[in-house]
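Below is one structure; the comments refer to it alone.
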Amino acid sequence: MKPNIHRRLLAATRSYLAGFGETVPEGFLRGAAGAMEERPLSARPLPCLRHLHRISSTAAEENSEIVRLLAENRYAFHWGQTYTATDFGDEFIENYGWLELFGTRGHFANDEMASGFLILGPHLHYPDHHHVAEEIYIPLTGGTAWRKGDGPYAERPAGELIHHPSNVSHAMKTGAEPLLALYLWRGGPLAARSTVTGRAETA
Ligand SMILES: [Fe+2]
């Protein structure tokens, strides 16, 4: 029997991560590797899924398996939002969403680590925020500017590993293209809401 779409995305994500080898900070690969029980989550679409069509045409070749699985089966996943329009405005909410693949509330149960995918539409500002958990982002599309701590915004290409240690603030600004990024969280409350210190600007 063919594994279901959630299992196929988990397998593709693990295999993509394994390709980064020792460049992945300590503990993340181990946390993603163990057996995980599937949770029966209902499908939950969001307006930001409309960007997956463009994302699948701009994503780098090496990410194609993950991007294809997400784009072709977008309505089979349980997408979520942490923020509301009160936080960053209506435009942000219409263009933002994430999918937790595994973690304390995702498609697979894992109490130690969380991982999933973030979508941000074009010309969107996700202002400075931080959280206790240590985090890795790997953008699967290019063209987004990322900022860590008090540093400048710098564009990061698809496939670059971006590490945010515990409580270090970070922010993103998308350009003309939408962003799809893989995220991994460990070592903190995995469903915690980020502390936002920045203010959203209209890009
Ligand atoms: Fe973060």
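Chain labels run A, B, ... following the order of the structure tokens; each chain numbers its residues from 1, and ligands are numbered from 1 in the order shown.
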
Surrounding residues as a count of residues only, ligand 1, max 12 Å, only C-alpha atoms and all ligand atoms: 49

Alpha helix (DSSP H) positions in segment 6-164 of chain A, given as a PyMOL selection string: chain A and resi 6-18+28-33+52-58+64-72+85-88+90-94

Dump as a PDB file, in the first residue's frame, selection limited to C-alpha atoms:
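Okay, result_21.pdb is ready:
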```pdb
ATOM      1  CA  HIS A   6       1.326  12.981   5.216  1.00  0.00           C
ATOM      2  CA  ARG A   7       3.826  10.087   5.456  1.00  0.00           C
ATOM      3  CA  ARG A   8       5.175  10.914   2.006  1.00  0.00           C
ATOM      4  CA  LEU A   9       5.789  14.532   3.040  1.00  0.00           C
ATOM      5  CA  LEU A  10       7.490  13.348   6.251  1.00  0.00           C
ATOM      6  CA  ALA A  11       9.773  11.025   4.273  1.00  0.00           C
ATOM      7  CA  ALA A  12      10.625  13.740   1.723  1.00  0.00           C
ATOM      8  CA  THR A  13      11.374  16.246   4.510  1.00  0.00           C
ATOM      9  CA  ARG A  14      13.652  13.801   6.369  1.00  0.00           C
ATOM     10  CA  SER A  15      15.526  12.929   3.240  1.00  0.00           C
ATOM     11  CA  TYR A  16      15.950  16.619   2.301  1.00  0.00           C
ATOM     12  CA  LEU A  17      17.278  17.391   5.797  1.00  0.00           C
ATOM     13  CA  ALA A  18      19.643  14.438   5.778  1.00  0.00           C
ATOM     14  CA  PHE A  28      17.888  18.498  14.978  1.00  0.00           C
ATOM     15  CA  LEU A  29      18.493  15.465  12.742  1.00  0.00           C
ATOM     16  CA  ARG A  30      18.072  13.064  15.661  1.00  0.00           C
ATOM     17  CA  GLY A  31      14.851  14.816  16.667  1.00  0.00           C
ATOM     18  CA  ALA A  32      13.432  14.432  13.163  1.00  0.00           C
ATOM     19  CA  ALA A  33      14.416  10.780  12.787  1.00  0.00           C
ATOM     20  CA  LEU A  52       1.693  27.548  -3.942  1.00  0.00           C
ATOM     21  CA  HIS A  53       1.162  27.651  -7.693  1.00  0.00           C
ATOM     22  CA  ARG A  54       3.773  30.408  -8.085  1.00  0.00           C
ATOM     23  CA  ILE A  55       6.010  28.802  -5.435  1.00  0.00           C
ATOM     24  CA  SER A  56       6.078  25.528  -7.341  1.00  0.00           C
ATOM     25  CA  SER A  57       7.273  27.328 -10.467  1.00  0.00           C
ATOM     26  CA  THR A  58      10.045  29.262  -8.670  1.00  0.00           C
ATOM     27  CA  SER A  64      11.043  19.760  -5.965  1.00  0.00           C
ATOM     28  CA  GLU A  65       9.742  16.657  -4.176  1.00  0.00           C
ATOM     29  CA  ILE A  66       8.623  18.609  -1.079  1.00  0.00           C
ATOM     30  CA  VAL A  67       7.216  21.485  -3.111  1.00  0.00           C
ATOM     31  CA  ARG A  68       5.353  19.170  -5.480  1.00  0.00           C
ATOM     32  CA  LEU A  69       3.806  17.196  -2.602  1.00  0.00           C
ATOM     33  CA  LEU A  70       2.697  20.433  -0.926  1.00  0.00           C
ATOM     34  CA  ALA A  71       1.412  22.115  -4.065  1.00  0.00           C
ATOM     35  CA  GLU A  72      -0.489  19.099  -5.423  1.00  0.00           C
ATOM     36  CA  ALA A  85      -5.409  40.616  11.874  1.00  0.00           C
ATOM     37  CA  THR A  86      -5.079  42.558  15.139  1.00  0.00           C
ATOM     38  CA  ASP A  87      -1.362  41.713  15.218  1.00  0.00           C
ATOM     39  CA  PHE A  88      -0.209  42.565  11.693  1.00  0.00           C
ATOM     40  CA  ASP A  90      -5.663  41.896   7.242  1.00  0.00           C
ATOM     41  CA  GLU A  91      -3.174  41.737   4.387  1.00  0.00           C
ATOM     42  CA  PHE A  92      -0.753  39.688   6.465  1.00  0.00           C
ATOM     43  CA  ILE A  93      -3.457  37.206   7.468  1.00  0.00           C
ATOM     44  CA  GLU A  94      -4.576  36.744   3.846  1.00  0.00           C
TER      45      GLU A  94
END
```

Between atom CA of Ala59 of chain A and atom CA of Tyr153 of chain A - distance in Å to one decimal: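 Atom-to-atom, atom CA of Tyr153 of chain A to atom CA of Ala59 of chain A, that is 21.2 Å.
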
Between atom CA of Glu38 of chain A and atom CA of Glu112 of chain A - distance in Å to one decimal: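 Going from atom CA of Glu112 of chain A over to atom CA of Glu38 of chain A, I get 15.4 Å.
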
DSSP strand (DSSP E) residues within segment 111-184 of chain A, listed as a PyMOL selection string: chain A and resi 113-120+125-130+134-139+144-148+154-156+162-164+170-173+179-184

I need the chosen residues saved as a PDB file, in the first residue's frame, with C-alpha atoms.
```pdb
ATOM      1  CA  MET A 113      10.841  18.920  18.230  1.00  0.00           C
ATOM      2  CA  ALA A 114       8.492  20.578  15.749  1.00  0.00           C
ATOM      3  CA  SER A 115       8.866  20.999  12.011  1.00  0.00           C
ATOM      4  CA  GLY A 116       6.738  22.281   9.202  1.00  0.00           C
ATOM      5  CA  PHE A 117       6.390  24.804   6.407  1.00  0.00           C
ATOM      6  CA  LEU A 118       5.736  28.529   6.338  1.00  0.00           C
ATOM      7  CA  ILE A 119       4.165  30.445   3.454  1.00  0.00           C
ATOM      8  CA  LEU A 120       4.422  34.236   3.113  1.00  0.00           C
ATOM      9  CA  HIS A 125       6.910  41.998   6.338  1.00  0.00           C
ATOM     10  CA  TYR A 126       7.109  39.556   9.244  1.00  0.00           C
ATOM     11  CA  PRO A 127       8.558  41.897  11.868  1.00  0.00           C
ATOM     12  CA  ASP A 128      11.111  41.173  14.604  1.00  0.00           C
ATOM     13  CA  HIS A 129      10.042  38.348  16.892  1.00  0.00           C
ATOM     14  CA  HIS A 130      11.722  35.802  19.130  1.00  0.00           C
ATOM     15  CA  GLU A 134      16.069  27.217  18.965  1.00  0.00           C
ATOM     16  CA  GLU A 135      15.099  27.357  15.310  1.00  0.00           C
ATOM     17  CA  ILE A 136      16.317  26.479  11.845  1.00  0.00           C
ATOM     18  CA  TYR A 137      14.758  27.836   8.683  1.00  0.00           C
ATOM     19  CA  ILE A 138      15.617  26.567   5.230  1.00  0.00           C
ATOM     20  CA  PRO A 139      13.969  28.722   2.550  1.00  0.00           C
ATOM     21  CA  THR A 144      13.298  36.879   0.737  1.00  0.00           C
ATOM     22  CA  ALA A 145      15.408  39.157   2.956  1.00  0.00           C
ATOM     23  CA  TRP A 146      16.130  37.802   6.436  1.00  0.00           C
ATOM     24  CA  ARG A 147      17.368  39.649   9.489  1.00  0.00           C
ATOM     25  CA  LYS A 148      18.859  38.224  12.690  1.00  0.00           C
ATOM     26  CA  ALA A 154      19.988  40.217   3.681  1.00  0.00           C
ATOM     27  CA  GLU A 155      18.561  38.133   0.873  1.00  0.00           C
ATOM     28  CA  ARG A 156      19.082  34.396   1.398  1.00  0.00           C
ATOM     29  CA  ILE A 162      19.395  29.867   8.720  1.00  0.00           C
ATOM     30  CA  HIS A 163      19.918  29.267  12.430  1.00  0.00           C
ATOM     31  CA  HIS A 164      18.211  31.306  15.170  1.00  0.00           C
ATOM     32  CA  HIS A 170      14.558  37.589  13.652  1.00  0.00           C
ATOM     33  CA  ALA A 171      12.425  39.045  10.871  1.00  0.00           C
ATOM     34  CA  MET A 172      11.698  38.512   7.177  1.00  0.00           C
ATOM     35  CA  LYS A 173      10.659  40.657   4.217  1.00  0.00           C
ATOM     36  CA  LEU A 179       8.266  32.452   0.310  1.00  0.00           C
ATOM     37  CA  LEU A 180       8.016  28.784   1.204  1.00  0.00           C
ATOM     38  CA  ALA A 181      10.347  27.775   4.022  1.00  0.00           C
ATOM     39  CA  LEU A 182      10.954  24.625   6.039  1.00  0.00           C
ATOM     40  CA  TYR A 183      11.230  25.287   9.774  1.00  0.00           C
ATOM     41  CA  LEU A 184      12.456  23.233  12.719  1.00  0.00           C
TER      42      LEU A 184
END
```

Which residues are close to segment 174-178 of chain A, i.e. within 6 Å by only C-alpha atoms, leaving aside same-chain residues fewer than 6 positions away? Reply as a PDB file with all heavy atoms, in the first residue's frame.
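So the final result, stored in part_4.pdb, reads:
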```
ATOM      1  N   LEU A 120       4.664  32.783   3.046  1.00  0.00           N
ATOM      2  CA  LEU A 120       4.422  34.236   3.113  1.00  0.00           C
ATOM      3  C   LEU A 120       4.245  34.723   1.680  1.00  0.00           C
ATOM      4  O   LEU A 120       5.059  34.391   0.804  1.00  0.00           O
ATOM      5  CB  LEU A 120       5.615  34.981   3.737  1.00  0.00           C
ATOM      6  CG  LEU A 120       5.944  34.781   5.217  1.00  0.00           C
ATOM      7  CD1 LEU A 120       7.181  35.621   5.574  1.00  0.00           C
ATOM      8  CD2 LEU A 120       4.780  35.146   6.129  1.00  0.00           C
ATOM      9  N   GLY A 121       3.208  35.488   1.442  1.00  0.00           N
ATOM     10  CA  GLY A 121       2.981  36.053   0.111  1.00  0.00           C
ATOM     11  C   GLY A 121       4.011  37.129  -0.214  1.00  0.00           C
ATOM     12  O   GLY A 121       4.819  37.516   0.636  1.00  0.00           O
ATOM     13  N   PRO A 122       4.008  37.641  -1.461  1.00  0.00           N
ATOM     14  CA  PRO A 122       4.961  38.671  -1.874  1.00  0.00           C
ATOM     15  C   PRO A 122       4.779  39.982  -1.101  1.00  0.00           C
ATOM     16  O   PRO A 122       3.669  40.280  -0.636  1.00  0.00           O
ATOM     17  CB  PRO A 122       4.635  38.902  -3.355  1.00  0.00           C
ATOM     18  CG  PRO A 122       3.726  37.802  -3.763  1.00  0.00           C
ATOM     19  CD  PRO A 122       3.084  37.261  -2.540  1.00  0.00           C
ATOM     20  N   HIS A 123       5.858  40.737  -0.980  1.00  0.00           N
ATOM     21  CA  HIS A 123       5.843  42.072  -0.355  1.00  0.00           C
ATOM     22  C   HIS A 123       5.204  42.059   1.026  1.00  0.00           C
ATOM     23  O   HIS A 123       4.353  42.888   1.356  1.00  0.00           O
ATOM     24  CB  HIS A 123       5.129  43.084  -1.265  1.00  0.00           C
ATOM     25  CG  HIS A 123       5.745  43.164  -2.631  1.00  0.00           C
ATOM     26  ND1 HIS A 123       7.036  43.597  -2.823  1.00  0.00           N
ATOM     27  CD2 HIS A 123       5.264  42.837  -3.850  1.00  0.00           C
ATOM     28  CE1 HIS A 123       7.321  43.537  -4.119  1.00  0.00           C
ATOM     29  NE2 HIS A 123       6.265  43.079  -4.750  1.00  0.00           N
ATOM     30  N   LEU A 124       5.615  41.093   1.819  1.00  0.00           N
ATOM     31  CA  LEU A 124       5.072  40.970   3.171  1.00  0.00           C
ATOM     32  C   LEU A 124       6.205  41.151   4.181  1.00  0.00           C
ATOM     33  O   LEU A 124       7.333  40.716   3.936  1.00  0.00           O
ATOM     34  CB  LEU A 124       4.446  39.579   3.317  1.00  0.00           C
ATOM     35  CG  LEU A 124       3.214  39.495   4.213  1.00  0.00           C
ATOM     36  CD1 LEU A 124       2.068  40.300   3.613  1.00  0.00           C
ATOM     37  CD2 LEU A 124       2.784  38.048   4.395  1.00  0.00           C
ATOM     38  N   GLY A 143      14.739  35.014  -2.789  1.00  0.00           N
ATOM     39  CA  GLY A 143      14.138  36.330  -2.940  1.00  0.00           C
ATOM     40  C   GLY A 143      13.632  36.979  -1.670  1.00  0.00           C
ATOM     41  O   GLY A 143      13.141  38.108  -1.712  1.00  0.00           O
ATOM     42  N   THR A 144      13.737  36.282  -0.530  1.00  0.00           N
ATOM     43  CA  THR A 144      13.298  36.879   0.737  1.00  0.00           C
ATOM     44  C   THR A 144      14.511  37.406   1.498  1.00  0.00           C
ATOM     45  O   THR A 144      15.567  36.773   1.516  1.00  0.00           O
ATOM     46  CB  THR A 144      12.529  35.842   1.587  1.00  0.00           C
ATOM     47  OG1 THR A 144      11.302  35.549   0.937  1.00  0.00           O
ATOM     48  CG2 THR A 144      12.235  36.353   2.993  1.00  0.00           C
TER      49      THR A 144
END
```
